file target34.txt (compact mmCIF, C-alpha atoms)
# COMPACT_ATOMS: atom_id res chain seq x y z
CA MET A 88 -12.04 -26.45 26.17
CA THR A 89 -10.52 -25.30 22.91
CA ASP A 90 -6.81 -25.16 22.21
CA SER A 91 -6.93 -21.39 22.33
CA ALA A 92 -8.54 -21.56 25.76
CA LEU A 93 -5.81 -23.91 26.99
CA ARG A 94 -3.23 -21.62 25.49
CA SER A 95 -4.77 -18.76 27.43
CA VAL A 96 -4.51 -20.77 30.64
CA PHE A 97 -0.86 -21.45 29.95
CA GLU A 98 -0.22 -17.77 29.29
CA ARG A 99 -1.84 -16.94 32.61
CA TYR A 100 0.33 -19.55 34.31
CA LEU A 101 3.51 -18.07 32.83
CA GLN A 102 2.44 -14.55 33.68
CA ALA A 103 1.61 -15.57 37.24
CA THR A 104 4.94 -17.30 37.79
CA ASN A 105 6.83 -14.42 36.18
CA ALA A 106 5.01 -11.92 38.38
CA ARG A 107 5.05 -14.23 41.41
CA ASP A 108 1.31 -13.77 41.65
CA VAL A 109 0.36 -16.54 44.08
CA ALA A 110 -3.37 -15.82 43.92
CA ALA A 111 -3.47 -16.05 40.14
CA LEU A 112 -1.98 -19.55 40.19
CA VAL A 113 -5.00 -21.05 41.96
CA ASP A 114 -7.17 -20.91 38.86
CA VAL A 115 -4.65 -22.34 36.42
CA VAL A 116 -2.70 -25.02 38.31
CA HIS A 117 -3.87 -28.63 38.69
CA PRO A 118 -4.13 -30.06 42.24
CA ASP A 119 -1.45 -32.64 41.36
CA PHE A 120 0.82 -30.00 39.88
CA GLU A 121 4.52 -30.76 39.50
CA ASP A 122 7.18 -28.16 38.79
CA VAL A 123 10.43 -29.72 37.58
CA TYR A 124 13.81 -28.00 37.22
CA PRO A 125 16.05 -30.54 35.44
CA GLN A 126 19.14 -28.36 35.84
CA SER A 127 19.08 -28.66 39.63
CA GLY A 128 17.12 -31.89 39.93
CA GLU A 129 14.33 -30.21 41.88
CA ARG A 130 10.71 -31.33 41.80
CA THR A 131 8.03 -29.30 43.55
CA ARG A 132 4.76 -31.15 44.11
CA GLY A 133 1.45 -29.37 44.62
CA LEU A 134 0.19 -25.82 44.54
CA ALA A 135 0.84 -25.19 48.24
CA ASN A 136 4.55 -25.91 47.92
CA LEU A 137 4.78 -23.80 44.78
CA GLN A 138 3.07 -20.93 46.55
CA ALA A 139 5.36 -21.30 49.58
CA ILE A 140 8.43 -21.05 47.38
CA ILE A 141 7.11 -17.97 45.63
CA GLU A 142 6.18 -16.32 48.93
CA HIS A 143 9.60 -17.07 50.44
CA TYR A 144 11.60 -16.14 47.39
CA PRO A 145 14.66 -14.17 48.57
CA SER A 146 14.49 -10.49 47.79
CA GLY A 147 16.73 -9.46 44.98
CA GLY A 148 16.04 -12.60 43.01
CA TYR A 149 14.77 -13.21 39.55
CA VAL A 150 12.63 -10.52 37.96
CA GLY A 151 10.54 -11.69 35.06
CA SER A 152 10.19 -9.27 32.20
CA GLY A 153 7.31 -10.91 30.46
CA THR A 154 6.46 -13.87 28.32
CA GLU A 155 7.98 -13.50 24.89
CA ARG A 156 6.38 -16.35 23.03
CA VAL A 157 4.40 -19.51 23.36
CA VAL A 158 4.73 -21.93 20.48
CA GLY A 159 2.49 -24.64 19.17
CA ALA A 160 1.52 -26.82 16.26
CA GLU A 161 -0.29 -24.17 14.28
CA ASP A 162 3.11 -23.44 12.77
CA ARG A 163 2.74 -19.71 12.84
CA TRP A 164 3.79 -16.96 15.16
CA VAL A 165 0.83 -14.81 16.17
CA MET A 166 2.06 -11.52 17.49
CA THR A 167 0.44 -9.68 20.33
CA PRO A 168 1.86 -6.59 22.03
CA ALA A 169 3.35 -8.65 24.85
CA PHE A 170 3.99 -12.14 23.52
CA THR A 171 3.51 -14.60 20.73
CA VAL A 172 1.09 -17.47 21.01
CA LEU A 173 0.71 -20.83 19.25
CA ARG A 174 -0.42 -24.32 20.22
CA ILE A 175 2.07 -27.12 20.35
CA GLU A 176 0.46 -30.57 20.50
CA GLY A 177 -2.26 -31.99 18.33
CA SER A 178 -3.84 -33.34 21.48
CA GLY A 179 -3.65 -29.84 22.86
CA ASP A 180 -2.14 -30.89 26.17
CA THR A 181 1.42 -29.60 25.82
CA PHE A 182 2.61 -26.05 25.36
CA THR A 183 6.03 -24.48 25.37
CA GLY A 184 6.61 -20.93 26.54
CA VAL A 185 9.72 -18.79 26.34
CA SER A 186 10.08 -15.92 28.80
CA ARG A 187 12.89 -13.56 29.51
CA GLY A 188 14.09 -12.23 32.83
CA ARG A 189 16.91 -10.49 34.59
CA TYR A 190 18.68 -10.89 37.91
CA PRO A 191 19.79 -7.90 39.97
CA ASP A 192 23.39 -8.65 39.01
CA GLY A 193 22.45 -7.64 35.48
CA THR A 194 22.50 -11.11 33.93
CA GLU A 195 19.80 -11.79 31.36
CA TRP A 196 18.09 -15.14 31.05
CA PHE A 197 15.69 -16.98 28.80
CA VAL A 198 13.23 -19.21 30.59
CA VAL A 199 11.85 -22.12 28.56
CA THR A 200 8.82 -23.79 30.11
CA ILE A 201 7.24 -26.94 28.69
CA GLY A 202 3.79 -27.28 30.22
CA GLN A 203 1.48 -30.28 30.15
CA PHE A 204 -2.23 -30.09 30.88
CA ARG A 205 -4.58 -32.35 32.78
CA ASP A 206 -8.24 -31.51 33.40
CA ARG A 207 -7.69 -28.20 31.60
CA LYS A 208 -5.13 -27.06 34.17
CA VAL A 209 -1.36 -26.92 34.09
CA TRP A 210 -0.45 -30.28 35.55
CA ARG A 211 3.29 -30.45 34.95
CA ALA A 212 5.84 -27.81 34.08
CA GLU A 213 9.43 -28.46 33.15
CA THR A 214 11.53 -25.32 33.09
CA PHE A 215 14.99 -24.48 31.80
CA PHE A 216 16.92 -21.29 32.62
CA ALA A 217 19.39 -20.27 29.92
CA GLN A 218 21.65 -17.26 30.36
CA THR A 219 22.44 -14.92 27.49
CA PHE A 220 26.00 -14.89 26.17
CA GLU A 221 28.26 -12.95 23.86
CA PRO A 222 28.32 -14.50 20.38
CA PRO A 223 31.59 -16.48 20.08
CA ALA A 224 34.03 -14.94 17.63
CA TRP A 225 35.04 -18.21 15.97
CA ARG A 226 31.66 -18.63 14.29
CA THR A 227 30.84 -15.09 13.21
CA LYS A 228 31.47 -15.88 9.53
CA TRP A 229 28.38 -18.09 9.48
CA VAL A 230 26.19 -16.12 11.87
CA ASP A 231 23.93 -13.09 11.71
CA VAL A 232 23.59 -11.37 15.07
CA LYS A 233 20.02 -10.38 15.60
CA PRO A 234 18.09 -8.82 18.45
CA SER A 235 17.59 -11.56 20.99
CA SER A 236 13.93 -10.65 21.42
CA GLU A 237 13.07 -11.76 17.86
CA MET B 125 5.18 -36.95 7.60
CA ASP B 126 3.54 -38.72 10.54
CA ASP B 127 4.52 -38.21 14.15
CA ALA B 128 6.42 -41.50 14.40
CA THR B 129 8.52 -40.58 11.37
CA ILE B 130 9.27 -37.17 12.83
CA ARG B 131 10.36 -38.74 16.11
CA GLN B 132 12.69 -41.05 14.21
CA THR B 133 14.02 -38.09 12.23
CA ILE B 134 14.80 -36.31 15.49
CA LEU B 135 16.57 -39.37 16.94
CA ASP B 136 18.60 -39.89 13.75
CA HIS B 137 19.58 -36.22 13.75
CA TYR B 138 20.94 -36.25 17.27
CA ALA B 139 22.57 -39.69 16.95
CA ALA B 140 24.83 -38.27 14.23
CA ALA B 141 25.49 -34.94 15.96
CA GLY B 142 29.17 -34.24 16.38
CA THR B 143 30.23 -37.01 14.00
CA ASP B 144 28.47 -36.54 10.65
CA GLU B 145 27.11 -33.01 10.26
CA ARG B 146 25.97 -33.56 6.69
CA HIS B 147 23.82 -36.46 7.84
CA VAL B 148 22.55 -34.35 10.73
CA ALA B 149 21.52 -31.65 8.26
CA GLU B 150 19.37 -34.03 6.21
CA SER B 151 16.50 -33.11 8.50
CA TYR B 152 16.82 -29.44 7.46
CA ALA B 153 15.29 -27.58 4.54
CA ASP B 154 17.87 -25.81 2.39
CA ASP B 155 16.73 -22.42 3.70
CA VAL B 156 16.48 -23.48 7.34
CA ILE B 157 17.10 -20.90 10.07
CA LEU B 158 18.93 -21.88 13.25
CA ASP B 159 18.58 -19.41 16.12
CA PHE B 160 20.51 -19.18 19.39
CA PRO B 161 18.55 -16.45 21.20
CA GLN B 162 21.00 -16.40 24.11
CA GLY B 163 23.69 -14.98 21.83
CA GLY B 164 21.28 -13.25 19.48
CA GLU B 165 22.69 -15.47 16.74
CA ARG B 166 20.96 -16.63 13.58
CA ILE B 167 22.49 -19.01 11.04
CA ARG B 168 20.78 -19.07 7.67
CA GLY B 169 20.81 -22.10 5.39
CA LYS B 170 21.78 -25.74 5.63
CA GLU B 171 25.29 -25.28 4.24
CA ASN B 172 26.19 -22.59 6.78
CA ILE B 173 24.96 -24.83 9.59
CA ILE B 174 27.06 -27.74 8.32
CA ALA B 175 30.14 -25.48 8.11
CA PHE B 176 29.50 -23.98 11.55
CA ARG B 177 29.06 -27.33 13.24
CA SER B 178 32.01 -28.90 11.41
CA ALA B 179 34.23 -26.14 12.81
CA TYR B 180 32.96 -26.47 16.37
CA PRO B 181 35.99 -26.24 18.69
CA ALA B 182 34.84 -29.03 20.99
CA GLU B 183 33.64 -32.62 20.76
CA VAL B 184 29.87 -32.42 20.87
CA ARG B 185 27.49 -35.25 21.76
CA ILE B 186 23.72 -34.96 22.21
CA GLU B 187 21.40 -37.41 23.92
CA PRO B 188 17.67 -36.64 23.59
CA ARG B 189 15.81 -37.13 26.86
CA ARG B 190 12.28 -36.10 25.97
CA ILE B 191 10.46 -35.35 22.73
CA THR B 192 7.07 -33.62 22.76
CA GLY B 193 4.96 -32.21 19.98
CA SER B 194 2.83 -33.06 16.98
CA GLY B 195 2.25 -31.74 13.52
CA GLY B 196 4.57 -28.88 12.69
CA VAL B 197 6.17 -28.01 16.02
CA TRP B 198 8.25 -30.23 18.27
CA VAL B 199 10.32 -29.65 21.40
CA ILE B 200 13.36 -31.77 22.20
CA GLU B 201 15.01 -31.77 25.63
CA SER B 202 18.50 -33.24 25.56
CA THR B 203 21.74 -33.58 27.40
CA ILE B 204 24.48 -31.96 25.34
CA SER B 205 28.14 -32.44 26.18
CA TYR B 206 31.06 -30.32 25.06
CA ASP B 207 34.32 -32.28 25.45
CA GLY B 208 32.46 -34.46 27.93
CA ARG B 209 31.03 -31.60 30.02
CA PRO B 210 27.25 -32.07 30.15
CA GLN B 211 24.69 -29.29 29.88
CA TYR B 212 20.99 -29.11 29.08
CA LEU B 213 19.65 -28.38 25.60
CA ALA B 214 16.08 -27.36 24.77
CA SER B 215 15.30 -27.07 21.07
CA ILE B 216 12.11 -26.02 19.31
CA TRP B 217 11.82 -27.43 15.79
CA GLU B 218 9.32 -26.13 13.24
CA PHE B 219 8.63 -28.32 10.21
CA ARG B 220 7.38 -27.56 6.70
CA ASP B 221 6.88 -30.30 4.11
CA GLY B 222 8.72 -32.82 6.27
CA LYS B 223 11.84 -30.69 6.78
CA VAL B 224 12.91 -28.43 9.62
CA VAL B 225 12.63 -24.78 8.54
CA HIS B 226 13.33 -23.16 11.91
CA GLU B 227 15.23 -24.47 14.93
CA THR B 228 15.53 -22.40 18.10
CA SER B 229 17.95 -23.78 20.68
CA TYR B 230 18.74 -22.89 24.27
CA VAL B 231 21.71 -24.29 26.19
CA ALA B 232 21.56 -24.27 29.98
CA GLU B 233 23.99 -25.25 32.73
CA GLY B 234 23.12 -27.26 35.80
CA TRP B 235 23.18 -25.72 39.26
CA GLU B 236 23.08 -26.79 42.90
CA PRO B 237 19.57 -26.67 44.41
CA PRO B 238 19.24 -23.60 46.68
CA SER B 239 18.95 -24.53 50.34
CA TRP B 240 16.31 -21.90 51.18
CA ARG B 241 13.57 -23.82 49.35
CA ALA B 242 14.64 -27.36 50.20
CA GLN B 243 11.74 -27.85 52.61
CA TRP B 244 9.21 -27.54 49.78
CA VAL B 245 11.19 -29.33 47.08
CA GLU B 246 11.90 -32.99 46.43
CA PRO B 247 15.40 -33.72 45.16
CA MET B 248 15.33 -35.93 42.09
CA THR B 249 17.76 -38.78 41.65
CA ASP B 250 19.42 -39.12 38.27
CA GLU B 251 17.15 -42.10 37.64
CA ALA B 252 14.05 -40.10 38.53
CA ARG B 253 15.16 -37.24 36.33
CA SER B 254 15.48 -39.58 33.36
CA GLU B 255 12.18 -41.27 34.15
CA ALA B 256 10.37 -37.95 34.49
CA ALA B 257 11.77 -36.84 31.20
CA ARG B 258 10.38 -39.73 29.19
CA PRO B 259 7.53 -38.88 26.83
call {"tool": "encode", "arguments": {"input": "target34.txt", "output": "structure tokens"}}
result
Amino acid sequence: MTDSALRSVFERYLQATNARDVAALVDVVHPDFEDVYPQSGERTRGLANLQAIIEHYPSGGYVGSGTERVVGAEDRWVMTPAFTVLRIEGSGDTFTGVSRGRYPDGTEWFVVTIGQFRDRKVWRAETFFAQTFEPPAWRTKWVDVKPSSE
Amino acid sequence: MDDATIRQTILDHYAAAGTDERHVAESYADDVILDFPQGGERIRGKENIIAFRSAYPAEVRIEPRRITGSGGVWVIESTISYDGRPQYLASIWEFRDGKVVHETSYVAEGWEPPSWRAQWVEPMTDEARSEAARP
């Protein structure tokens, strides 16, 4: 499988998790899948547990607004209408995706997912949730404020 | 620059963070861009980054936990502390000619695991979290 094919699998994984599309995960997730949230110290093992969490997600929770970019070792951003795609590892087994989402309370978040592949499926995902913030005033003299979607 | 050299560059960079910002910036190209998407902030150029970090109103320490990547793009997951308060840091570094030309960093706070999903989730000990994070 080429790097671009793996990248496509990772995009589908991110889209499926963003959309909470349980059925779409079957084709892209490895049987020994692990989903790790370092911020809370949670590790979810296996597709069935991942699907159970998605199916039981409390209403009013996180709403993904799409994958913004996936980066990789080709050193270039390749724009598509919905997201940006690159490969990250020379071995082609690690990709990093950045998504953006919003909670019903109006808070905006970036979601950074570092995905590792095994047998051409997403075997391990490590995800960070980072909330947007107002640029601190003390550093404005050195900072350009740009649209956060860039 | 080979992968081992880049890894060492990353470790040297973070070892000096908060204490010697000019040394930290040796990994940057002169026209480097540092982005903080959470605040929509972009800092252009090595000298502005040195000035910004030298003026930081807190004691900052960074401990890399996991480094992944090859060639021109690397991702570093770290613990970053501000005046001793730890948070998570995920940084994407893009290299050109052996120097970082674009860094994109995200800072994230820890949270308590939600109880509603505990039956499907394994809590990780601090030791397991560190072990899982190793390259």
call {"tool": "interface_residues", "arguments": {"input": "target34.txt", "of": "chain B", "to": "chain A", "cutoff": "7 Å", "atoms": "all atoms listed in the file", "output": "PyMOL selection string"}}
result
chain B and resi 161-167+172+176+193-197+218+230-237+241+244-248+253
call {"tool": "residues_around", "arguments": {"input": "target34.txt", "residues": "Arg146 (chain B)", "least_positions_apart": "3", "cutoff": "9 Å", "atoms": "all atoms listed in the file", "output": "ChimeraX atom specification"}}
result
/B:140,149-150,170-171,174,178
call {"tool": "atom_distance", "arguments": {"input": "target34.txt", "atom1": "CA of Ile186 (chain B)", "atom2": "CA of Arg187 (chain A)"}}
result
25.1 Å
